[in-house]
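Next comes model-v3.pdb, a file with PDB, C-alpha atoms.
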```pdb
MODEL        1
ATOM      1  CA  MET A   1      -7.479  24.987  32.297
ATOM      2  CA  MET A   2      -6.703  28.575  31.416
ATOM      3  CA  PRO A   3      -4.360  29.966  28.770
ATOM      4  CA  THR A   4      -1.177  31.253  30.346
ATOM      5  CA  GLY A   5      -0.145  33.616  27.597
ATOM      6  CA  LEU A   6       2.913  31.456  27.068
ATOM      7  CA  GLU A   7       2.698  30.688  23.372
ATOM      8  CA  PHE A   8       4.500  30.387  20.077
ATOM      9  CA  ASP A   9       2.694  31.205  16.840
ATOM     10  CA  HIS A  10       4.742  31.331  13.674
ATOM     11  CA  ALA A  11       4.426  30.178  10.080
ATOM     12  CA  GLY A  12       1.529  27.838  10.686
ATOM     13  CA  LEU A  13       2.744  26.268  13.932
ATOM     14  CA  ARG A  14       1.034  27.175  17.185
ATOM     15  CA  ILE A  15       2.164  26.042  20.647
ATOM     16  CA  GLU A  16       0.021  27.125  23.579
ATOM     17  CA  VAL A  17       0.353  26.499  27.298
ATOM     18  CA  PHE A  18      -2.711  26.008  29.491
ATOM     19  CA  ARG A  19      -2.489  25.766  33.254
ATOM     20  CA  SER A  20      -4.623  24.914  36.219
ATOM     21  CA  GLU A  21      -2.896  25.044  39.616
ATOM     22  CA  ASN A  22      -0.113  22.466  39.410
ATOM     23  CA  LYS A  23      -1.142  20.952  36.073
ATOM     24  CA  ALA A  24      -0.204  22.296  32.670
ATOM     25  CA  THR A  25      -0.759  21.276  29.064
ATOM     26  CA  ILE A  26       1.425  22.267  26.126
ATOM     27  CA  VAL A  27      -0.703  21.956  22.972
ATOM     28  CA  TRP A  28       0.885  21.806  19.513
ATOM     29  CA  SER A  29      -1.290  22.490  16.488
ATOM     30  CA  GLY A  30      -0.928  23.295  12.811
ATOM     31  CA  VAL A  31       2.074  22.622  10.609
ATOM     32  CA  SER A  32       5.753  22.587  11.520
ATOM     33  CA  ASP A  33       7.804  22.754   8.342
ATOM     34  CA  ALA A  34      10.417  25.430   9.002
ATOM     35  CA  ARG A  35      13.848  24.939   7.496
ATOM     36  CA  ASN A  36      15.508  24.945  10.917
ATOM     37  CA  PRO A  37      12.738  24.722  13.512
ATOM     38  CA  GLY A  38      15.176  24.089  16.356
ATOM     39  CA  ALA A  39      16.568  27.619  16.050
ATOM     40  CA  GLN A  40      13.346  29.036  17.464
ATOM     41  CA  LEU A  41      11.714  26.090  19.173
ATOM     42  CA  ASN A  42      14.584  25.160  21.466
ATOM     43  CA  VAL A  43      14.538  28.647  23.019
ATOM     44  CA  VAL A  44      10.749  28.833  23.280
ATOM     45  CA  LEU A  45      10.372  25.351  24.737
ATOM     46  CA  GLN A  46      13.137  25.931  27.262
ATOM     47  CA  ARG A  47      11.273  29.021  28.470
ATOM     48  CA  MET A  48       8.055  27.027  28.757
ATOM     49  CA  VAL A  49       9.782  24.298  30.783
ATOM     50  CA  ASP A  50      11.263  26.947  33.083
ATOM     51  CA  GLU A  51       7.847  28.542  33.621
ATOM     52  CA  LEU A  52       6.186  25.218  34.396
ATOM     53  CA  ASP A  53       8.529  24.188  37.169
ATOM     54  CA  GLY A  54       6.576  22.277  39.805
ATOM     55  CA  CYS A  55       3.719  21.364  37.475
ATOM     56  CA  LYS A  56       2.677  18.025  36.092
ATOM     57  CA  VAL A  57       2.883  18.550  32.357
ATOM     58  CA  THR A  58       1.010  17.078  29.398
ATOM     59  CA  VAL A  59       2.501  17.655  25.965
ATOM     60  CA  ASP A  60      -0.253  17.164  23.400
ATOM     61  CA  PHE A  61       0.711  16.661  19.742
ATOM     62  CA  ARG A  62      -2.657  15.354  18.611
ATOM     63  CA  ARG A  63      -3.658  18.531  16.793
ATOM     64  CA  LEU A  64      -0.395  18.722  14.911
ATOM     65  CA  GLN A  65      -1.307  18.206  11.252
ATOM     66  CA  TYR A  66       2.164  17.820   9.802
ATOM     67  CA  MET A  67       5.760  18.135  10.870
ATOM     68  CA  ASN A  68       8.997  17.702   8.990
ATOM     69  CA  SER A  69      11.812  15.556  10.301
ATOM     70  CA  SER A  70      13.722  18.651  11.433
ATOM     71  CA  THR A  71      11.028  19.170  14.068
ATOM     72  CA  VAL A  72      11.824  15.878  15.788
ATOM     73  CA  PRO A  73      15.109  16.912  17.508
ATOM     74  CA  PRO A  74      13.504  19.910  19.308
ATOM     75  CA  ILE A  75      10.723  17.601  20.493
ATOM     76  CA  ILE A  76      13.275  15.161  21.887
ATOM     77  CA  ASN A  77      15.064  18.054  23.560
ATOM     78  CA  LEU A  78      11.793  19.114  25.178
ATOM     79  CA  ILE A  79      11.129  15.637  26.527
ATOM     80  CA  LYS A  80      14.663  15.266  27.820
ATOM     81  CA  ARG A  81      14.507  18.676  29.506
ATOM     82  CA  LEU A  82      11.274  17.783  31.266
ATOM     83  CA  ASN A  83      12.823  14.565  32.495
ATOM     84  CA  ALA A  84      16.018  16.277  33.598
ATOM     85  CA  ARG A  85      13.941  18.691  35.697
ATOM     86  CA  ALA A  86      12.078  15.725  37.225
ATOM     87  CA  VAL A  87       8.789  17.022  35.810
ATOM     88  CA  HIS A  88       6.199  14.252  35.660
ATOM     89  CA  SER A  89       5.089  14.418  32.034
ATOM     90  CA  VAL A  90       2.687  12.673  29.693
ATOM     91  CA  VAL A  91       3.295  13.019  25.965
ATOM     92  CA  LEU A  92       0.235  12.403  23.784
ATOM     93  CA  PHE A  93       0.119  11.357  20.154
ATOM     94  CA  SER A  94      -2.983  10.515  18.160
ATOM     95  CA  GLU A  95      -3.821   7.307  16.332
ATOM     96  CA  VAL A  96      -3.381   8.645  12.790
ATOM     97  CA  ASP A  97      -0.680   6.781  10.898
ATOM     98  CA  TRP A  98       2.144   9.279  10.936
ATOM     99  CA  GLN A  99       1.669  10.099  14.609
ATOM    100  CA  ARG A 100       1.535   6.410  15.496
ATOM    101  CA  THR A 101       5.047   5.952  14.145
ATOM    102  CA  GLN A 102       6.316   8.897  16.159
ATOM    103  CA  LEU A 103       4.521   7.454  19.176
ATOM    104  CA  ARG A 104       6.408   4.155  18.860
ATOM    105  CA  CYS A 105       9.733   5.933  18.518
ATOM    106  CA  MET A 106       9.148   8.283  21.429
ATOM    107  CA  GLN A 107       7.958   5.410  23.604
ATOM    108  CA  THR A 108      11.227   3.624  22.936
ATOM    109  CA  ILE A 109      13.247   6.713  23.786
ATOM    110  CA  ALA A 110      11.178   7.389  26.915
ATOM    111  CA  ARG A 111      12.080   3.997  28.363
ATOM    112  CA  THR A 112      15.229   5.636  29.696
ATOM    113  CA  LEU A 113      13.361   8.724  30.960
ATOM    114  CA  PRO A 114      11.665   7.847  34.259
ATOM    115  CA  TYR A 115       9.564  11.010  34.514
ATOM    116  CA  VAL A 116       8.164  10.820  30.985
ATOM    117  CA  GLN A 117       5.279   8.662  29.789
ATOM    118  CA  VAL A 118       4.332   8.531  26.103
ATOM    119  CA  GLU A 119       0.789   7.535  25.151
ATOM    120  CA  GLY A 120      -1.418   7.195  22.096
ATOM    121  CA  ARG A 121      -4.868   8.570  22.643
ATOM    122  CA  ALA A 122      -7.723   9.356  20.277
ATOM    123  CA  SER A 123      -8.534  12.988  19.866
ATOM    124  CA  THR A 124     -11.920  14.515  19.197
ATOM    125  CA  SER A 125     -10.314  17.104  16.947
ATOM    126  CA  VAL A 126      -9.540  16.701  13.251
ATOM    127  CA  HIS A 127      -5.790  16.337  13.023
ATOM    128  CA  SER A 128      -4.870  14.372   9.923
ATOM    129  CA  MET A 129      -3.141  16.170   7.106
ATOM    130  CA  PRO A 130      -5.191  15.767   3.907
ATOM    131  CA  VAL A 131      -4.071  19.053   2.411
ATOM    132  CA  PRO A 132      -1.635  20.962   4.629
ATOM    133  CA  ALA A 133      -2.243  24.653   4.975
ATOM    134  CA  SER A 134       0.162  27.198   3.598
ATOM    135  CA  SER A 135       3.178  27.652   5.827
ATOM    136  CA  GLY A 136       3.087  31.384   5.366
ATOM    137  CA  GLU A 137       5.983  33.667   4.702
ATOM    138  CA  PRO A 138       9.351  32.558   3.341
ATOM    139  CA  ARG A 139      11.893  31.539   5.927
ATOM    140  CA  ARG A 140      15.077  31.356   3.863
TER     141      ARG A 140
ATOM    142  CA  MET B 141       3.772   5.725 -17.853
ATOM    143  CA  GLU B 142       2.206   9.170 -17.589
ATOM    144  CA  PRO B 143       2.826  10.625 -14.126
ATOM    145  CA  ASP B 144      -0.097  11.614 -11.939
ATOM    146  CA  LEU B 145       1.891  14.703 -11.037
ATOM    147  CA  HIS B 146       4.921  16.299 -12.635
ATOM    148  CA  ILE B 147       6.495  19.471 -11.344
ATOM    149  CA  LYS B 148       9.571  21.010 -12.952
ATOM    150  CA  THR B 149      10.954  24.262 -11.638
ATOM    151  CA  ALA B 150      13.268  26.636 -13.476
ATOM    152  CA  ALA B 151      15.378  27.190 -10.343
ATOM    153  CA  ILE B 152      15.834  25.681  -6.902
ATOM    154  CA  PRO B 153      12.505  26.516  -5.219
ATOM    155  CA  ASP B 154      12.129  28.761  -2.242
ATOM    156  CA  TRP B 155      11.375  27.064   1.071
ATOM    157  CA  SER B 156       7.985  28.775   1.113
ATOM    158  CA  GLU B 157       6.939  26.739  -1.958
ATOM    159  CA  LEU B 158       7.021  23.454  -0.018
ATOM    160  CA  ALA B 159       3.487  23.783   1.286
ATOM    161  CA  ASP B 160       2.141  24.224  -2.238
ATOM    162  CA  ILE B 161       4.074  21.178  -3.472
ATOM    163  CA  ARG B 162       2.571  19.111  -0.631
ATOM    164  CA  ARG B 163      -0.860  20.381  -1.562
ATOM    165  CA  GLN B 164      -0.368  19.385  -5.209
ATOM    166  CA  VAL B 165       0.715  15.861  -4.217
ATOM    167  CA  ALA B 166      -2.277  15.467  -1.915
ATOM    168  CA  LEU B 167      -4.638  16.580  -4.668
ATOM    169  CA  ALA B 168      -3.014  14.346  -7.301
ATOM    170  CA  LEU B 169      -3.407  11.317  -5.034
ATOM    171  CA  GLY B 170      -6.939  12.120  -3.962
ATOM    172  CA  GLY B 171      -8.239   8.667  -4.858
ATOM    173  CA  LEU B 172      -5.863   6.865  -2.523
ATOM    174  CA  GLY B 173      -6.564   6.105   1.117
ATOM    175  CA  ASP B 174      -5.568   8.693   3.708
ATOM    176  CA  ALA B 175      -2.628   6.713   5.087
ATOM    177  CA  VAL B 176      -0.887   6.176   1.733
ATOM    178  CA  ARG B 177      -1.632   9.684   0.502
ATOM    179  CA  GLU B 178      -0.324  11.280   3.688
ATOM    180  CA  ALA B 179       2.783   9.097   3.542
ATOM    181  CA  ALA B 180       3.419  10.164  -0.056
ATOM    182  CA  VAL B 181       2.991  13.825   0.871
ATOM    183  CA  MET B 182       5.538  13.395   3.657
ATOM    184  CA  VAL B 183       7.982  11.585   1.342
ATOM    185  CA  VAL B 184       7.822  14.270  -1.347
ATOM    186  CA  SER B 185       8.153  17.014   1.245
ATOM    187  CA  GLU B 186      11.225  15.452   2.875
ATOM    188  CA  LEU B 187      12.898  14.818  -0.498
ATOM    189  CA  VAL B 188      12.145  18.321  -1.770
ATOM    190  CA  GLU B 189      13.441  19.795   1.495
ATOM    191  CA  ASN B 190      16.721  17.989   0.868
ATOM    192  CA  ALA B 191      16.792  19.144  -2.754
ATOM    193  CA  ILE B 192      16.326  22.744  -1.624
ATOM    194  CA  LYS B 193      18.930  22.451   1.122
ATOM    195  CA  TYR B 194      21.626  20.590  -0.770
ATOM    196  CA  GLY B 195      20.745  20.844  -4.476
ATOM    197  CA  GLU B 196      22.527  23.140  -6.860
ATOM    198  CA  SER B 197      21.703  24.450 -10.279
ATOM    199  CA  VAL B 198      23.589  22.508 -12.965
ATOM    200  CA  PRO B 199      23.175  22.592 -16.767
ATOM    201  CA  GLN B 200      21.146  19.352 -16.750
ATOM    202  CA  ALA B 201      18.983  20.419 -13.792
ATOM    203  CA  ARG B 202      18.539  24.136 -13.186
ATOM    204  CA  GLY B 203      15.793  23.519 -10.660
ATOM    205  CA  ILE B 204      14.132  20.424  -9.277
ATOM    206  CA  GLU B 205      11.812  17.885 -10.802
ATOM    207  CA  VAL B 206       9.099  16.010  -8.905
ATOM    208  CA  SER B 207       7.276  13.073 -10.400
ATOM    209  CA  VAL B 208       4.514  10.991  -8.817
ATOM    210  CA  VAL B 209       3.361   7.834 -10.608
ATOM    211  CA  ARG B 210       0.523   5.665  -9.366
ATOM    212  CA  GLU B 211       0.254   2.159 -10.796
ATOM    213  CA  PRO B 212      -2.199  -0.534  -9.736
ATOM    214  CA  ALA B 213       0.357  -2.264  -7.526
ATOM    215  CA  ARG B 214       2.717   0.525  -6.502
ATOM    216  CA  LEU B 215       3.254   4.205  -6.012
ATOM    217  CA  SER B 216       6.519   5.872  -7.043
ATOM    218  CA  VAL B 217       7.826   9.285  -6.170
ATOM    219  CA  THR B 218      10.964  10.746  -7.763
ATOM    220  CA  VAL B 219      12.675  13.995  -6.854
ATOM    221  CA  ALA B 220      15.614  15.060  -9.006
ATOM    222  CA  SER B 221      18.017  17.907  -8.384
ATOM    223  CA  GLY B 222      21.495  18.899  -9.442
ATOM    224  CA  THR B 223      24.715  18.240  -7.590
ATOM    225  CA  ARG B 224      28.308  18.343  -8.739
ATOM    226  CA  ASP B 225      29.513  16.520  -5.625
ATOM    227  CA  ALA B 226      29.884  12.941  -6.860
ATOM    228  CA  GLU B 227      31.379  11.803  -3.557
ATOM    229  CA  ALA B 228      28.406  13.118  -1.554
ATOM    230  CA  ALA B 229      26.074  11.388  -4.014
ATOM    231  CA  ARG B 230      28.006   8.134  -3.595
ATOM    232  CA  ARG B 231      27.757   8.369   0.205
ATOM    233  CA  LEU B 232      24.044   9.067  -0.069
ATOM    234  CA  ARG B 233      23.586   6.030  -2.303
ATOM    235  CA  CYS B 234      25.380   3.816   0.236
ATOM    236  CA  TYR B 235      23.227   5.288   2.976
ATOM    237  CA  THR B 236      19.936   4.689   1.204
ATOM    238  CA  GLU B 237      20.963   1.135   0.285
ATOM    239  CA  ALA B 238      21.768   0.371   3.922
ATOM    240  CA  LEU B 239      18.407   1.778   5.005
ATOM    241  CA  ALA B 240      16.475  -0.053   2.306
ATOM    242  CA  THR B 241      17.956  -3.426   3.183
ATOM    243  CA  SER B 242      17.734  -3.085   6.966
ATOM    244  CA  PRO B 243      15.287  -5.513   8.595
ATOM    245  CA  ASP B 244      14.919  -3.208  11.616
ATOM    246  CA  LYS B 245      13.963   0.251  10.377
ATOM    247  CA  LEU B 246      12.395   1.207  13.704
ATOM    248  CA  GLY B 247      15.586   0.299  15.553
ATOM    249  CA  LEU B 248      17.669   2.334  13.116
ATOM    250  CA  TYR B 249      15.392   5.354  13.433
ATOM    251  CA  VAL B 250      15.327   5.239  17.221
ATOM    252  CA  ALA B 251      19.114   4.815  17.367
ATOM    253  CA  ARG B 252      19.459   7.837  15.113
ATOM    254  CA  LEU B 253      17.093   9.845  17.329
ATOM    255  CA  GLN B 254      19.082   8.832  20.398
ATOM    256  CA  SER B 255      22.368   9.882  18.864
ATOM    257  CA  LEU B 256      20.888  13.216  17.742
ATOM    258  CA  ALA B 257      19.493  13.773  21.218
ATOM    259  CA  ASP B 258      22.931  13.190  22.693
ATOM    260  CA  ALA B 259      24.818  15.205  20.076
ATOM    261  CA  PRO B 260      22.787  17.339  17.678
ATOM    262  CA  GLU B 261      24.110  17.456  14.113
ATOM    263  CA  LEU B 262      23.356  19.845  11.292
ATOM    264  CA  HIS B 263      22.605  17.083   8.779
ATOM    265  CA  SER B 264      20.345  14.743  10.716
ATOM    266  CA  ARG B 265      19.255  12.615   7.711
ATOM    267  CA  LEU B 266      16.147  11.855   9.753
ATOM    268  CA  GLY B 267      13.987  12.422   6.692
ATOM    269  CA  LEU B 268      15.546   9.436   4.942
ATOM    270  CA  TYR B 269      14.851   7.194   7.944
ATOM    271  CA  ARG B 270      11.325   8.539   8.142
ATOM    272  CA  ILE B 271      10.631   7.737   4.493
ATOM    273  CA  GLY B 272      11.460   4.073   5.102
ATOM    274  CA  LEU B 273       9.876   3.677   8.517
ATOM    275  CA  GLU B 274       6.889   5.997   8.682
ATOM    276  CA  GLY B 275       6.188   6.112   4.961
ATOM    277  CA  ALA B 276       6.941   2.424   4.271
ATOM    278  CA  PHE B 277       8.616   3.512   1.031
ATOM    279  CA  ASP B 278      11.775   1.889  -0.356
ATOM    280  CA  LEU B 279      14.277   4.544  -1.277
ATOM    281  CA  ARG B 280      16.811   4.383  -4.102
ATOM    282  CA  CYS B 281      19.324   6.939  -5.246
ATOM    283  CA  SER B 282      21.189   7.491  -8.513
ATOM    284  CA  HIS B 283      23.589  10.155  -9.747
ATOM    285  CA  GLU B 284      24.181  10.694 -13.433
ATOM    286  CA  ASP B 285      25.363  13.734 -15.423
ATOM    287  CA  GLY B 286      25.236  15.868 -12.310
ATOM    288  CA  VAL B 287      21.611  14.962 -11.541
ATOM    289  CA  LEU B 288      20.756  13.261  -8.250
ATOM    290  CA  ARG B 289      17.583  11.226  -8.487
ATOM    291  CA  MET B 290      15.857   9.996  -5.319
ATOM    292  CA  THR B 291      13.128   7.466  -6.023
ATOM    293  CA  ALA B 292      10.789   6.195  -3.307
ATOM    294  CA  THR B 293       8.465   3.284  -4.025
ATOM    295  CA  ARG B 294       5.665   1.761  -1.987
ATOM    296  CA  ASN B 295       3.673  -1.362  -2.717
ATOM    297  CA  LEU B 296      -0.051  -0.769  -2.821
ATOM    298  CA  LYS B 297      -1.097  -4.392  -2.627
TER     299      LYS B 297
ENDMDL
END
```
Target format structure tokens, applied to this file:
Amino acid sequence: MMPTGLEFDHAGLRIEVFRSENKATIVWSGVSDARNPGAQLNVVLQRMVDELDGCKVTVDFRRLQYMNSSTVPPIINLIKRLNARAVHSVVLFSEVDWQRTQLRCMQTIARTLPYVQVEGRASTSVHSMPVPASSGEPRR
Amino acid sequence: MEPDLHIKTAAIPDWSELADIRRQVALALGGLGDAVREAAVMVVSELVENAIKYGESVPQARGIEVSVVREPARLSVTVASGTRDAEAARRLRCYTEALATSPDKLGLYVARLQSLADAPELHSRLGLYRIGLEGAFDLRCSHEDGVLRMTATRNLK
């Protein structure tokens, strides 16, 4: 898979899109702890969904080290948008404790979303959050 | 009991200070297993986020106070901040009591996610659900002399 140039990189959170023909992967990494992450993420993720029309999409959260609860609504919006566009999608969480809980919740929500499958899968990368990195510049 | 970590700020912290507070909690709880330590970091972060968002400087609490106490059988985290809104504090206490006594925390959390997905709200309160479900901490709330105290406790046995 090749980077598409579609990416978001701000205050410790990085979201990159990789694509190969009709398959694409949206990879989240780093820390999402903005005060109102939806303000930026909803716009960025909508653009990514638009660009990936016709692709089978994997959304990979396994390299995400930490996220605050305010990050959850934009993630749900992303999943619902993919489903609404009839994009066959697989959402991946890792087996670390905090991601496992999110996995269970998203699996429950995805029961009503026929195009979305949510899975737990081990990752070869380090993605727990022993000491989160600095989130960078102030966002108030 | 002497806390393993005590942070007292002179004013409501800036949002950018959250990462450093998380780092201090992680370091203070270095001897615990990853799962408990990471849960405690999340709990403190969510509670401090709320204190920054909704706290106000009052004579008894100009800033916020974070306390982490590790005992052989339990871990307690307290975040205190000022608020003059006694009614909001009362509602929050009712809310935390309902969450703490619910036998189905996963169901509550998922229902909350569903309702937010259908109709986004400014005050999601997801952090409080997350503390109980993901963190496995029991949350209690008190409001006295203008100081709101959120205490989260997890059994270590």
Using only C-alpha atoms, what does the table of segment 2-30 of chain A residues within 12 Å of segment 92-108 of chain A look like, with each row giving the shortest atom pair and its distance in Å to one decimal, sorted by chain and ascending number, as a tab-separated table?
```
residue	atom	partner	partner_atom	distance
A:Thr25	CA	A:Leu92	CA	10.4
A:Ile26	CA	A:Leu92	CA	10.2
A:Val27	CA	A:Leu92	CA	9.6
A:Trp28	CA	A:Leu92	CA	10.3
A:Ser29	CA	A:Phe93	CA	11.8
```
task = Identify which of the residues B:Gln254, B:Thr241, B:Ser216, B:Thr223 lies closest to chain A, counting only C-alpha atoms when measuring atom-to-atom distances.
result = B:Gln254
For the structure shown, which residues end up in the PyMOL selection byres ((chain B and resi 181) around 9)? Put them as a PDB file with C-alpha atoms, in the frame of the given file, please?
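Wrote out-v9.pdb, looks like this:
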```pdb
ATOM      1  CA  PRO A 130      -5.191  15.767   3.907  1.00  0.00           C
ATOM      2  CA  VAL A 131      -4.071  19.053   2.411  1.00  0.00           C
TER       3      VAL A 131
ATOM      4  CA  ILE B 161       4.074  21.178  -3.472  1.00  0.00           C
ATOM      5  CA  ARG B 162       2.571  19.111  -0.631  1.00  0.00           C
ATOM      6  CA  ARG B 163      -0.860  20.381  -1.562  1.00  0.00           C
ATOM      7  CA  GLN B 164      -0.368  19.385  -5.209  1.00  0.00           C
ATOM      8  CA  VAL B 165       0.715  15.861  -4.217  1.00  0.00           C
ATOM      9  CA  ALA B 166      -2.277  15.467  -1.915  1.00  0.00           C
ATOM     10  CA  VAL B 176      -0.887   6.176   1.733  1.00  0.00           C
ATOM     11  CA  ARG B 177      -1.632   9.684   0.502  1.00  0.00           C
ATOM     12  CA  GLU B 178      -0.324  11.280   3.688  1.00  0.00           C
ATOM     13  CA  ALA B 179       2.783   9.097   3.542  1.00  0.00           C
ATOM     14  CA  ALA B 180       3.419  10.164  -0.056  1.00  0.00           C
ATOM     15  CA  MET B 182       5.538  13.395   3.657  1.00  0.00           C
ATOM     16  CA  VAL B 183       7.982  11.585   1.342  1.00  0.00           C
ATOM     17  CA  VAL B 184       7.822  14.270  -1.347  1.00  0.00           C
ATOM     18  CA  SER B 185       8.153  17.014   1.245  1.00  0.00           C
ATOM     19  CA  GLU B 186      11.225  15.452   2.875  1.00  0.00           C
TER      20      GLU B 186
END
```
task = Just say which residues the ChimeraX specification (/A :<9) & /B picks in this file, as a ChimeraX atom specification.
result = /B:154-160,162-167,170,174-175,177-179,181-182,185-186,189,193,246-247,249-251,253-254,256-257,260,264-268,270,273-275
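Run against this file, the PyMOL selection byres ((chain B and resi 236) around 9) gives back Arg231, Leu232, Arg233, Cys234, Tyr235, Glu237, Ala238, Leu239, Ala240, Thr241, Leu268, Tyr269, Asp278, Leu279, Arg280 and Cys281 of chain B.
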ask   = From the set A:Gly38, A:Asp50, A:Val59, A:Phe8, which residue has the shortest atom-to-atom contact distance to Ala24 of chain A, counting all atoms listed in the file?
value =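 Between A:Gly38, A:Asp50, A:Val59, A:Phe8, the residue approaching Ala24 of chain A most closely is A:Val59.
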request  = Calculate how many Å separate atom CA of Arg63 of chain A from atom CA of Val217 of chain B, rounding to one decimal.
outcome  =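 Those two atoms sit 27.3 Å apart.
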